$ cat final-v9.txt   # compact mmCIF, C-alpha atoms and all ligand atoms
# COMPACT_ATOMS: atom_id res chain seq x y z
CA MET R 990 75.32 41.30 -68.56
CA VAL R 991 75.99 39.35 -71.74
CA ARG R 992 74.04 36.36 -72.91
CA LEU R 993 74.95 33.67 -75.43
CA ILE R 994 72.88 30.78 -76.66
CA LEU R 995 75.04 27.71 -77.20
CA ASP R 996 74.13 24.83 -79.46
CA SER R 997 74.39 21.23 -78.40
CA SER R 998 73.09 17.93 -79.72
CA THR R 999 70.46 18.01 -76.97
CA GLY R 1000 69.27 21.56 -77.72
CA GLY R 1001 70.38 25.14 -77.22
CA TYR R 1002 71.03 26.57 -73.78
CA PRO R 1003 71.77 30.05 -72.44
CA VAL R 1004 75.04 31.19 -70.90
CA LEU R 1005 74.69 34.35 -68.83
CA ILE R 1006 77.77 36.32 -67.80
CA GLY R 1007 77.50 39.33 -65.49
CA THR R 1008 77.46 40.53 -61.93
CA ASN R 1009 74.89 39.69 -59.22
CA LEU R 1010 72.76 37.41 -61.36
CA GLN R 1011 70.37 36.08 -58.70
CA ARG R 1012 67.31 37.51 -60.43
CA ASP R 1013 68.43 36.10 -63.79
CA LEU R 1014 68.96 32.74 -62.15
CA ARG R 1015 65.44 32.85 -60.78
CA ASN R 1016 64.08 33.62 -64.27
CA VAL R 1017 66.11 30.82 -65.86
CA VAL R 1018 64.89 28.29 -63.29
CA THR R 1019 61.30 29.50 -63.64
CA ARG R 1020 61.52 28.92 -67.39
CA LEU R 1021 62.92 25.40 -66.90
CA ASP R 1022 59.95 24.74 -64.62
CA PRO R 1023 61.49 21.75 -62.79
CA THR R 1024 59.57 19.53 -60.37
CA GLY R 1025 62.34 20.05 -57.83
CA ALA R 1026 65.82 21.58 -57.53
CA ALA R 1027 68.79 20.24 -55.57
CA ILE R 1028 71.89 22.38 -55.03
CA VAL R 1029 75.35 20.81 -54.89
CA THR R 1030 78.22 23.00 -53.69
CA ASP R 1031 81.38 22.77 -51.60
CA THR R 1032 82.13 23.94 -48.09
CA ASN R 1033 83.93 27.12 -49.26
CA VAL R 1034 81.17 28.22 -51.62
CA ARG R 1035 78.27 27.55 -49.26
CA PRO R 1036 77.60 31.26 -48.51
CA TYR R 1037 77.00 31.93 -52.20
CA ALA R 1038 74.99 28.71 -52.56
CA LEU R 1039 72.67 30.10 -49.87
CA LYS R 1040 72.01 33.12 -52.11
CA VAL R 1041 71.28 30.76 -54.98
CA ALA R 1042 68.87 28.82 -52.76
CA LYS R 1043 67.06 32.05 -51.88
CA ALA R 1044 66.66 32.92 -55.57
CA ILE R 1045 65.27 29.46 -56.27
CA LYS R 1046 62.81 29.69 -53.42
CA ARG R 1047 61.63 32.99 -54.87
CA ALA R 1048 60.86 31.04 -58.05
CA GLY R 1049 58.41 29.06 -55.90
CA LEU R 1050 60.52 25.90 -55.59
CA LYS R 1051 61.64 23.99 -52.55
CA THR R 1052 65.37 23.36 -52.53
CA SER R 1053 68.17 22.15 -50.31
CA ILE R 1054 71.95 22.27 -50.31
CA HIS R 1055 74.49 19.44 -50.25
CA ALA R 1056 78.06 20.68 -49.59
CA ILE R 1057 80.96 18.38 -50.46
CA PRO R 1058 84.41 18.88 -48.84
CA ALA R 1059 86.30 21.54 -50.83
CA SER R 1060 89.03 19.44 -52.43
CA GLU R 1061 89.95 17.76 -55.70
CA ARG R 1062 89.70 14.52 -53.67
CA SER R 1063 85.93 15.02 -53.69
CA LYS R 1064 85.86 13.98 -57.33
CA SER R 1065 85.44 10.41 -56.12
CA MET R 1066 82.98 7.54 -56.30
CA THR R 1067 82.32 8.01 -52.57
CA GLN R 1068 81.24 11.63 -53.03
CA LEU R 1069 79.30 10.69 -56.17
CA GLU R 1070 77.33 8.19 -54.13
CA ALA R 1071 76.70 10.83 -51.45
CA VAL R 1072 75.36 13.26 -54.08
CA LEU R 1073 73.12 10.55 -55.57
CA SER R 1074 71.64 9.72 -52.18
CA PHE R 1075 71.06 13.44 -51.60
CA LEU R 1076 69.11 13.58 -54.88
CA GLU R 1077 67.13 10.56 -53.77
CA ARG R 1078 66.34 12.13 -50.38
CA GLN R 1079 65.24 15.30 -52.15
CA HIS R 1080 62.88 13.25 -54.36
CA ILE R 1081 64.42 14.60 -57.54
CA ASP R 1082 62.50 12.87 -60.33
CA ARG R 1083 63.00 12.97 -64.10
CA GLY R 1084 61.51 16.46 -64.22
CA GLY R 1085 63.84 17.78 -61.54
CA CYS R 1086 67.15 19.56 -61.82
CA VAL R 1087 70.58 19.69 -60.23
CA ILE R 1088 72.17 23.08 -59.60
CA ALA R 1089 75.97 22.93 -59.40
CA VAL R 1090 77.34 25.94 -57.51
CA GLY R 1091 81.13 25.98 -57.38
CA GLY R 1092 84.33 25.47 -59.30
CA GLY R 1093 85.26 22.67 -61.68
CA THR R 1094 85.33 20.12 -58.88
CA VAL R 1095 81.69 20.65 -57.96
CA GLY R 1096 80.77 21.04 -61.64
CA ASP R 1097 82.36 17.76 -62.69
CA LEU R 1098 80.92 15.78 -59.78
CA ALA R 1099 77.41 17.27 -59.78
CA GLY R 1100 77.38 17.11 -63.59
CA LEU R 1101 78.06 13.38 -63.54
CA ALA R 1102 75.40 12.89 -60.86
CA ALA R 1103 72.90 14.77 -63.07
CA ALA R 1104 73.92 12.67 -66.07
CA ILE R 1105 73.18 9.36 -64.36
CA TRP R 1106 70.46 10.11 -61.79
CA GLN R 1107 67.18 8.78 -63.26
CA ARG R 1108 69.24 8.27 -66.46
CA GLY R 1109 69.70 12.01 -66.72
CA VAL R 1110 68.11 15.08 -65.17
CA ARG R 1111 68.65 18.69 -66.09
CA LEU R 1112 71.73 20.52 -64.88
CA VAL R 1113 72.13 24.22 -64.22
CA ALA R 1114 75.78 25.22 -63.85
CA VAL R 1115 76.61 28.15 -61.61
CA PRO R 1116 80.40 28.34 -61.89
CA THR R 1117 82.18 30.32 -59.17
CA THR R 1118 85.81 30.12 -60.31
CA LEU R 1119 87.30 31.74 -63.38
CA LEU R 1120 88.43 28.32 -64.59
CA ALA R 1121 84.91 26.93 -64.32
CA MET R 1122 83.49 29.96 -66.15
CA VAL R 1123 85.92 29.84 -69.08
CA ASP R 1124 86.49 26.13 -69.30
CA SER R 1125 84.87 23.37 -67.24
CA SER R 1126 81.23 24.58 -67.31
CA ILE R 1127 81.26 24.61 -71.12
CA GLY R 1128 81.44 21.52 -73.29
CA GLY R 1129 79.53 18.90 -71.34
CA LYS R 1130 82.39 16.84 -69.89
CA THR R 1131 81.60 15.59 -66.40
CA GLY R 1132 83.36 13.06 -64.23
CA VAL R 1133 85.17 11.85 -61.16
CA ASN R 1134 88.69 10.47 -60.76
CA GLY R 1135 89.54 6.78 -60.86
CA MET R 1136 91.86 5.15 -58.30
CA ARG R 1137 94.90 6.22 -60.26
CA SER R 1138 93.75 8.24 -63.23
CA LYS R 1139 92.14 11.66 -63.40
CA ASN R 1140 88.62 12.01 -64.82
CA ALA R 1141 88.52 8.28 -65.61
CA ILE R 1142 84.82 7.84 -64.85
CA GLY R 1143 82.50 10.24 -66.60
CA ALA R 1144 79.87 11.15 -69.11
CA PHE R 1145 79.08 13.80 -71.66
CA TRP R 1146 76.14 15.76 -70.30
CA GLN R 1147 75.26 19.24 -71.51
CA PRO R 1148 73.81 21.78 -69.07
CA SER R 1149 70.40 23.42 -69.51
CA ALA R 1150 71.86 26.79 -68.52
CA VAL R 1151 75.14 28.29 -67.31
CA ILE R 1152 75.07 31.30 -65.01
CA SER R 1153 78.44 32.93 -64.43
CA ASP R 1154 78.20 35.54 -61.69
CA LEU R 1155 81.42 37.54 -61.74
CA ALA R 1156 80.74 38.80 -58.20
CA THR R 1157 81.89 35.36 -57.00
CA ILE R 1158 85.34 35.90 -58.49
CA GLU R 1159 86.19 38.55 -55.87
CA SER R 1160 86.73 36.00 -53.13
CA LEU R 1161 88.82 33.56 -55.18
CA PRO R 1162 92.28 32.79 -53.79
CA VAL R 1163 95.02 34.39 -55.91
CA PRO R 1164 96.65 31.14 -57.13
CA ASN R 1165 93.34 29.74 -58.41
CA TYR R 1166 92.49 33.02 -60.18
CA ARG R 1167 95.95 33.32 -61.71
CA ASP R 1168 96.01 29.69 -62.86
CA ALA R 1169 92.82 30.14 -64.87
CA PHE R 1170 94.66 32.60 -67.10
CA ALA R 1171 96.70 29.71 -68.48
CA GLU R 1172 93.51 28.42 -70.15
CA VAL R 1173 92.52 31.96 -71.15
CA VAL R 1174 95.90 32.52 -72.85
CA LYS R 1175 95.51 29.07 -74.42
CA TYR R 1176 92.30 30.11 -76.21
CA ALA R 1177 93.94 33.38 -77.27
CA VAL R 1178 97.05 31.77 -78.76
CA ALA R 1179 95.30 28.72 -80.24
CA VAL R 1180 92.16 30.24 -81.73
CA ASP R 1181 91.41 33.89 -80.92
CA ARG R 1182 93.73 36.71 -81.90
CA GLY R 1183 91.16 39.33 -80.80
CA LEU R 1184 91.22 37.86 -77.31
CA PHE R 1185 95.02 37.96 -77.36
CA ASP R 1186 94.95 41.71 -78.15
CA LEU R 1187 92.36 42.30 -75.44
CA LEU R 1188 94.54 40.48 -72.88
CA GLN R 1189 97.66 42.32 -73.98
CA ARG R 1190 95.98 45.71 -73.58
CA ASN R 1191 94.26 44.99 -70.27
CA GLY R 1192 96.63 42.88 -68.14
CA PRO R 1193 96.57 45.16 -65.06
CA ARG R 1194 92.75 45.56 -65.09
CA LEU R 1195 92.41 41.80 -65.26
CA VAL R 1196 94.93 41.18 -62.51
CA GLU R 1197 92.76 43.53 -60.39
CA ARG R 1198 89.67 41.48 -61.33
CA ASP R 1199 87.83 44.34 -63.02
CA ALA R 1200 84.35 42.90 -63.55
CA GLY R 1201 83.65 44.76 -66.81
CA MET R 1202 86.85 43.47 -68.38
CA LEU R 1203 86.29 39.97 -67.00
CA GLU R 1204 82.87 39.94 -68.61
CA ARG R 1205 84.45 40.53 -72.03
CA VAL R 1206 87.17 37.94 -71.46
CA VAL R 1207 84.82 35.22 -70.16
CA PHE R 1208 82.46 35.90 -73.07
CA ARG R 1209 85.23 35.43 -75.64
CA CYS R 1210 86.54 32.26 -73.98
CA VAL R 1211 83.07 30.73 -73.80
CA ALA R 1212 82.47 31.59 -77.45
CA ALA R 1213 85.86 30.14 -78.44
CA LYS R 1214 85.31 26.88 -76.56
CA ALA R 1215 81.70 26.59 -77.76
CA LEU R 1216 82.73 26.90 -81.41
CA ILE R 1217 85.27 24.12 -81.01
CA VAL R 1218 82.94 21.85 -79.03
CA ALA R 1219 80.13 22.35 -81.57
CA LYS R 1220 82.38 20.76 -84.21
CA ASP R 1221 83.26 17.80 -82.01
CA GLU R 1222 81.00 17.36 -79.00
CA ARG R 1223 82.34 13.87 -78.19
CA ASP R 1224 86.02 14.75 -78.44
CA ARG R 1225 87.00 12.55 -81.35
CA GLY R 1226 88.98 15.04 -83.44
CA PRO R 1227 89.06 18.83 -83.73
CA ARG R 1228 88.41 19.32 -80.00
CA ALA R 1229 92.05 18.29 -79.49
CA ILE R 1230 93.00 21.91 -80.19
CA LEU R 1231 91.95 22.57 -76.58
CA ASN R 1232 94.91 20.44 -75.54
CA TYR R 1233 97.29 23.20 -76.56
CA GLY R 1234 99.97 23.34 -73.85
CA HIS R 1235 98.64 20.19 -72.22
CA THR R 1236 101.07 17.61 -73.68
CA ALA R 1237 104.12 18.84 -71.77
CA GLY R 1238 101.81 20.29 -69.10
CA HIS R 1239 100.34 16.93 -68.12
CA ALA R 1240 103.82 15.39 -68.10
CA LEU R 1241 105.03 18.09 -65.70
CA GLU R 1242 102.02 17.51 -63.42
CA ALA R 1243 102.67 13.77 -63.38
CA ALA R 1244 106.44 14.17 -62.88
CA THR R 1245 105.91 16.40 -59.84
CA ALA R 1246 103.05 14.31 -58.36
CA PHE R 1247 100.76 17.30 -59.01
CA ARG R 1248 102.82 19.69 -56.88
CA VAL R 1249 102.88 22.01 -59.88
CA SER R 1250 99.30 23.24 -60.37
CA HIS R 1251 97.42 22.59 -63.59
CA GLY R 1252 97.53 26.26 -64.67
CA ARG R 1253 101.25 26.56 -64.11
CA ALA R 1254 101.84 23.26 -65.87
CA VAL R 1255 99.81 24.35 -68.90
CA ALA R 1256 101.69 27.66 -69.03
CA PHE R 1257 104.94 25.68 -69.03
CA GLY R 1258 103.48 23.41 -71.71
CA MET R 1259 102.64 26.36 -73.95
CA ARG R 1260 106.15 27.75 -73.58
CA VAL R 1261 107.51 24.33 -74.54
CA ALA R 1262 105.11 23.95 -77.48
CA GLY R 1263 106.10 27.41 -78.72
CA ARG R 1264 109.79 26.53 -78.67
CA ILE R 1265 109.19 23.22 -80.41
CA ALA R 1266 107.11 24.94 -83.08
CA MET R 1267 109.92 27.43 -83.58
CA GLY R 1268 112.41 24.55 -83.85
CA LEU R 1269 110.27 23.04 -86.61
CA ASP R 1270 109.96 26.39 -88.39
CA LEU R 1271 106.22 26.37 -87.79
CA CYS R 1272 106.15 29.74 -86.10
CA SER R 1273 108.28 32.81 -85.57
CA LYS R 1274 110.25 33.89 -82.53
CA ARG R 1275 107.99 36.95 -82.39
CA THR R 1276 104.96 34.73 -81.85
CA VAL R 1277 106.66 32.79 -79.06
CA ASP R 1278 107.93 35.98 -77.41
CA ALA R 1279 104.46 37.54 -77.51
CA GLN R 1280 102.94 34.44 -75.92
CA ASP R 1281 105.62 34.27 -73.22
CA GLU R 1282 105.24 37.98 -72.39
CA LEU R 1283 101.52 37.54 -71.94
CA LEU R 1284 102.06 34.55 -69.63
CA ASP R 1285 104.58 36.67 -67.67
CA ALA R 1286 102.02 39.47 -67.37
CA PHE R 1287 99.65 37.08 -65.61
CA GLY R 1288 102.41 35.66 -63.39
CA LEU R 1289 102.50 32.28 -65.13
CA PRO R 1290 104.96 31.04 -64.08
CA ASP R 1291 107.14 33.73 -62.58
CA LYS R 1292 110.05 31.26 -62.52
CA PRO R 1293 110.61 27.83 -64.13
CA PRO R 1294 108.89 25.10 -62.10
CA HIS R 1295 111.10 22.82 -59.97
CA ALA R 1296 111.17 19.55 -61.82
CA ASP R 1297 113.67 17.01 -63.04
CA PRO R 1298 113.65 17.05 -66.87
CA LYS R 1299 114.32 13.30 -66.88
CA ARG R 1300 111.12 12.67 -64.93
CA VAL R 1301 109.10 14.93 -67.21
CA LEU R 1302 110.44 13.09 -70.26
CA ALA R 1303 109.70 9.74 -68.61
CA ALA R 1304 106.11 10.83 -67.93
CA MET R 1305 105.82 11.82 -71.57
CA ALA R 1306 107.19 8.44 -72.69
CA ALA R 1307 104.68 6.64 -70.44
CA ASP R 1308 101.87 8.70 -71.93
CA LYS R 1309 103.11 7.91 -75.42
CA LYS R 1310 103.11 4.20 -74.62
CA ALA R 1311 99.56 4.47 -73.25
CA ARG R 1312 98.52 6.03 -76.55
CA ARG R 1313 100.23 3.26 -78.51
CA GLY R 1314 103.10 5.40 -79.67
CA LYS R 1315 101.11 8.34 -80.90
CA VAL R 1316 101.58 11.76 -79.36
CA ALA R 1317 99.91 14.42 -81.45
CA TRP R 1318 101.20 17.87 -80.54
CA VAL R 1319 99.19 21.03 -80.91
CA MET R 1320 101.53 23.55 -82.49
CA PRO R 1321 101.09 27.32 -82.65
CA ARG R 1322 101.55 28.79 -86.15
CA ARG R 1323 100.84 32.42 -85.28
CA ILE R 1324 98.92 34.22 -82.55
CA GLY R 1325 95.28 33.08 -82.77
CA HIS R 1326 96.00 29.99 -84.82
CA ALA R 1327 97.30 26.61 -83.72
CA GLU R 1328 97.17 23.24 -85.49
CA ILE R 1329 96.54 19.74 -84.18
CA GLY R 1330 98.18 16.45 -85.06
CA HIS R 1331 101.88 17.33 -85.34
CA THR R 1332 104.53 14.67 -84.78
CA VAL R 1333 107.70 15.99 -83.18
CA PRO R 1334 111.16 14.34 -83.23
CA GLY R 1335 112.10 13.03 -79.78
CA ALA R 1336 115.47 14.79 -79.79
CA LEU R 1337 113.81 18.19 -80.19
CA VAL R 1338 111.37 17.48 -77.35
CA ARG R 1339 114.26 16.42 -75.09
CA ARG R 1340 116.27 19.53 -75.93
CA VAL R 1341 113.41 21.96 -75.35
CA ILE R 1342 112.20 20.34 -72.10
CA THR R 1343 115.73 20.19 -70.67
CA ARG R 1344 116.38 23.85 -71.50
CA SER R 1345 112.99 25.02 -70.26
CA LEU R 1346 113.60 23.51 -66.82
CA ALA R 1347 117.16 24.73 -66.45
N1 LIG G 1 84.81 19.26 -67.32
C1 LIG G 1 85.74 19.93 -67.94
O1 LIG G 1 85.68 20.15 -69.16
C2 LIG G 1 86.90 20.47 -67.16
C3 LIG G 1 87.80 21.36 -67.74
C4 LIG G 1 88.82 21.89 -66.97
C5 LIG G 1 88.97 21.50 -65.64
N2 LIG G 1 88.08 20.61 -65.10
C6 LIG G 1 88.21 20.19 -63.68
O2 LIG G 1 87.99 21.33 -62.87
C7 LIG G 1 88.65 21.12 -61.61
C8 LIG G 1 89.34 22.39 -61.20
O3 LIG G 1 88.40 23.41 -61.10
P1 LIG G 1 88.65 24.77 -60.31
O4 LIG G 1 89.96 25.36 -60.67
O5 LIG G 1 87.42 25.58 -60.48
O6 LIG G 1 88.87 24.26 -58.82
P2 LIG G 1 87.92 23.87 -57.60
O7 LIG G 1 86.52 23.66 -57.97
O8 LIG G 1 88.61 22.75 -56.91
O9 LIG G 1 88.01 25.18 -56.71
C9 LIG G 1 89.25 25.60 -56.21
C10 LIG G 1 89.11 26.11 -54.76
O10 LIG G 1 88.42 27.37 -54.78
C11 LIG G 1 87.29 27.33 -53.91
N3 LIG G 1 86.31 28.23 -54.49
C12 LIG G 1 85.47 28.01 -55.53
N4 LIG G 1 84.79 29.13 -55.82
C13 LIG G 1 85.19 30.07 -54.94
C14 LIG G 1 84.85 31.44 -54.74
N5 LIG G 1 84.01 32.06 -55.55
N6 LIG G 1 85.48 32.11 -53.74
C15 LIG G 1 86.37 31.47 -52.94
N7 LIG G 1 86.75 30.19 -53.09
C16 LIG G 1 86.16 29.49 -54.08
C17 LIG G 1 86.92 25.88 -53.85
O11 LIG G 1 86.21 25.58 -52.68
C18 LIG G 1 88.27 25.20 -53.89
O12 LIG G 1 88.83 25.17 -52.62
C19 LIG G 1 89.57 19.94 -61.81
O13 LIG G 1 89.04 18.82 -61.14
C20 LIG G 1 89.56 19.70 -63.31
O14 LIG G 1 89.73 18.34 -63.65
C21 LIG G 1 87.07 20.09 -65.83
ZN ZN G 2 93.50 22.46 -68.79
$ encode --input "final-v9.txt" --output "structure tokens" --more "lines below"
Ligand SMILES: NC(=O)c1ccc[n+]([C@@H]2O[C@H](COP(=O)([O-])OP(=O)(O)OC[C@H]3O[C@@H](n4cnc5c(N)ncnc54)[C@H](O)[C@@H]3O)[C@@H](O)[C@H]2O)c1
Ligand SMILES: [Zn+2]
Amino acid sequence: MVRLILDSSTGGYPVLIGTNLQRDLRNVVTRLDPTGAAIVTDTNVRPYALKVAKAIKRAGLKTSIHAIPASERSKSMTQLEAVLSFLERQHIDRGGCVIAVGGGTVGDLAGLAAAIWQRGVRLVAVPTTLLAMVDSSIGGKTGVNGMRSKNAIGAFWQPSAVISDLATIESLPVPNYRDAFAEVVKYAVAVDRGLFDLLQRNGPRLVERDAGMLERVVFRCVAAKALIVAKDERDRGPRAILNYGHTAGHALEAATAFRVSHGRAVAFGMRVAGRIAMGLDLCSKRTVDAQDELLDAFGLPDKPPHADPKRVLAAMAADKKARRGKVAWVMPRRIGHAEIGHTVPGALVRRVITRSLA
């Protein structure tokens, strides 16, 4: 098991990464000494949430479980209201805590509920997907979707502890596991050369979900994200580096009405960003090739996504308009180092997108 203490404006909190962490969870909750604990999970993760409930009961606390339907659609005001009434029924007061057991969907929804219930109660994150472990459980962004726009309603709310039990990864569906590697490769290319080397050397072990190797990878990703977030907790500047691959990625998601998954879209976006950077002489072909080979090794994507380049470019133009004409690209310079705030000529974007989807 590895343990990090992360800094936030509201105090430091531990992140535990290992296998079968029920006893550690019990110790963490005992130390927080809440007046009550309410578990939020989804219907697929309920069996593991039951184990979490057992550990909490061993800490001498009463607890109960609220399971939302397992779907991105659960990031809604309706489900938020259901979670809030659950907290009310459980008599969670200002000294209580919410325990979010699940992937990013549960984390975002339960996190927002914790942020606003009683004007904020403590949150313990127990991520059960690789994406939630390396990305969504760290950094304090919580939220639900608006009618038309993703994550439109939310709050910054830092957890009091994050407990990443790698045993949960075993049951993850392949596409969800594979997709998370897009964000992992993102950290490696944008900020962590050591992580890149680790991934390059251990592709097959990671594809087989080797827990020891996953522990090292999750640790490095959490550390990478935490360092960036510490500089910019409220996402006003340097945190934009985490958008590497997301400019073209989001456009591809929008252009395909989200038929291309987020991970695949981000992988596409990184390939595009690499080619644009090369076109601007910001990085070498070797860098782009190394990135693309690593994405290939994790099956991201095994073939170019089906999408009409015109639609992707239109989605990008719409996004540009929404940002009042400013699209700041994150450009790779070399493996382990990307830069924010680049402007890219439209003709180059059009050329690269069109070729990448051919
Ligand atoms: N807050 C942030 O900073 C942040 C960052 C990145 C992504 N997100 C959000 O995270 C969400 C995506 O998260 P996700 O990829 O974890 O998806 P998810 O939470 O929707 O989970 C994907 C599927 O896997 C199931 N599942 C979860 N854990 C499992 C396990 N251990 N075994 C078997 N099945 C399991 C879920 O029930 C669900 O069906 C998106 O809504 C995205 O907006 C938030
Ligand atoms: Zn992402």
$ closest_atom_pairs --input "final-v9.txt" --of "stretch 1032-1090 of chain R" --to "stretch 1011-1019 of chain R" --cutoff "7 Å" --atoms "only C-alpha atoms" --output "tab-separated table"
residue	atom	partner	partner_atom	distance
R:Val1041	CA	R:Gln1011	CA	6.6
R:Ala1044	CA	R:Arg1015	CA	5.4
R:Ile1045	CA	R:Arg1015	CA	5.6
R:Ala1048	CA	R:Arg1015	CA	5.6
$ closest_atom_pairs --input "final-v9.txt" --of "stretch 1251-1301 of chain R" --to "stretch 1191-1214 of chain R" --cutoff "12 Å" --atoms "all atoms listed in the file" --output "CSV"
residue,atom,partner,partner_atom,distance
R:Glu1282,CA,R:Gly1192,CA,10.8
R:Leu1283,CA,R:Gly1192,CA,8.2
R:Leu1284,CA,R:Gly1192,CA,10.1
R:Asp1285,CA,R:Gly1192,CA,10.1
R:Ala1286,CA,R:Gly1192,CA,6.4
R:Phe1287,CA,R:Val1196,CA,7.0
R:Gly1288,CA,R:Val1196,CA,9.3
R:Leu1289,CA,R:Val1196,CA,12.0
$ write_last_selection --input "final-v9.txt" --atoms "C-alpha atoms" --output "short mmCIF file (atom, residue, chain, number, x, y, z; two decimals), keeping the file's coordinate frame"
data_model
loop_
_atom_site.label_atom_id
_atom_site.label_comp_id
_atom_site.auth_asym_id
_atom_site.auth_seq_id
_atom_site.Cartn_x
_atom_site.Cartn_y
_atom_site.Cartn_z
CA GLU R 1282 105.24 37.98 -72.39
CA LEU R 1283 101.52 37.54 -71.94
CA LEU R 1284 102.06 34.55 -69.63
CA ASP R 1285 104.58 36.67 -67.67
CA ALA R 1286 102.02 39.47 -67.37
CA PHE R 1287 99.65 37.08 -65.61
CA GLY R 1288 102.41 35.66 -63.39
CA LEU R 1289 102.50 32.28 -65.13
#
$ residues_near_ligand --input "final-v9.txt" --ligand "ligand ZN 2 (chain G)" --cutoff "10 Å" --atoms "all atoms listed in the file" --output "JSON, numbers by chain"
{"R": [1120, 1124, 1125, 1168, 1169, 1171, 1172, 1173, 1175, 1231, 1232, 1233, 1234, 1235, 1238, 1239, 1251, 1252, 1253, 1254, 1255, 1256]}
$ atom_distance --input "final-v9.txt" --atom1 "atom CA of R:Pro1298" --atom2 "atom CA of R:Gly1135"
26.9 Å
$ residues_near_ligand --input "final-v9.txt" --ligand "ligand LIG 1 (chain G)" --cutoff "6 Å" --atoms "all atoms listed in the file" --output "PyMOL selection string"
chain R and resi 1031+1033-1034+1059-1061+1091-1095+1097+1117-1118+1120-1121+1124-1125+1130-1131+1157-1158+1160-1161+1165
$ write_last_selection --input "final-v9.txt" --atoms "C-alpha atoms" --output "PDB file, in the coordinates of the input"
ATOM      1  CA  ASP R1031      81.380  22.770 -51.600  1.00  0.00           C
ATOM      2  CA  ASN R1033      83.930  27.120 -49.260  1.00  0.00           C
ATOM      3  CA  VAL R1034      81.170  28.220 -51.620  1.00  0.00           C
ATOM      4  CA  ALA R1059      86.300  21.540 -50.830  1.00  0.00           C
ATOM      5  CA  SER R1060      89.030  19.440 -52.430  1.00  0.00           C
ATOM      6  CA  GLU R1061      89.950  17.760 -55.700  1.00  0.00           C
ATOM      7  CA  GLY R1091      81.130  25.980 -57.380  1.00  0.00           C
ATOM      8  CA  GLY R1092      84.330  25.470 -59.300  1.00  0.00           C
ATOM      9  CA  GLY R1093      85.260  22.670 -61.680  1.00  0.00           C
ATOM     10  CA  THR R1094      85.330  20.120 -58.880  1.00  0.00           C
ATOM     11  CA  VAL R1095      81.690  20.650 -57.960  1.00  0.00           C
ATOM     12  CA  ASP R1097      82.360  17.760 -62.690  1.00  0.00           C
ATOM     13  CA  THR R1117      82.180  30.320 -59.170  1.00  0.00           C
ATOM     14  CA  THR R1118      85.810  30.120 -60.310  1.00  0.00           C
ATOM     15  CA  LEU R1120      88.430  28.320 -64.590  1.00  0.00           C
ATOM     16  CA  ALA R1121      84.910  26.930 -64.320  1.00  0.00           C
ATOM     17  CA  ASP R1124      86.490  26.130 -69.300  1.00  0.00           C
ATOM     18  CA  SER R1125      84.870  23.370 -67.240  1.00  0.00           C
ATOM     19  CA  LYS R1130      82.390  16.840 -69.890  1.00  0.00           C
ATOM     20  CA  THR R1131      81.600  15.590 -66.400  1.00  0.00           C
ATOM     21  CA  THR R1157      81.890  35.360 -57.000  1.00  0.00           C
ATOM     22  CA  ILE R1158      85.340  35.900 -58.490  1.00  0.00           C
ATOM     23  CA  SER R1160      86.730  36.000 -53.130  1.00  0.00           C
ATOM     24  CA  LEU R1161      88.820  33.560 -55.180  1.00  0.00           C
ATOM     25  CA  ASN R1165      93.340  29.740 -58.410  1.00  0.00           C
TER      26      ASN R1165
END
$ closest_atom_pairs --input "final-v9.txt" --of "stretch 1196-1245 of chain R" --to "stretch 1306-1315 of chain R" --cutoff "10 Å" --atoms "all atoms listed in the file" --output "tab-separated table"
residue	atom	partner	partner_atom	distance
R:Thr1236	CA	R:Asp1308	CA	9.1
R:His1239	CA	R:Asp1308	CA	9.2
R:Ala1240	CA	R:Asp1308	CA	8.0
R:Ala1243	CA	R:Asp1308	CA	10.0
$ atom_distance --input "final-v9.txt" --atom1 "atom CA of R:Arg1047" --atom2 "atom CA of R:Ile1006"
20.9 Å
$ atom_distance --input "final-v9.txt" --atom1 "atom CA of R:Val1123" --atom2 "atom CA of R:Glu1159"
15.8 Å
$ residues_around --input "final-v9.txt" --residues "R:Met1066" --least-positions-apart "4" --cutoff "9 Å" --atoms "only C-alpha atoms" --output "NGL selection string"
:R and (1070-1071 or 1133-1135 or 1142)
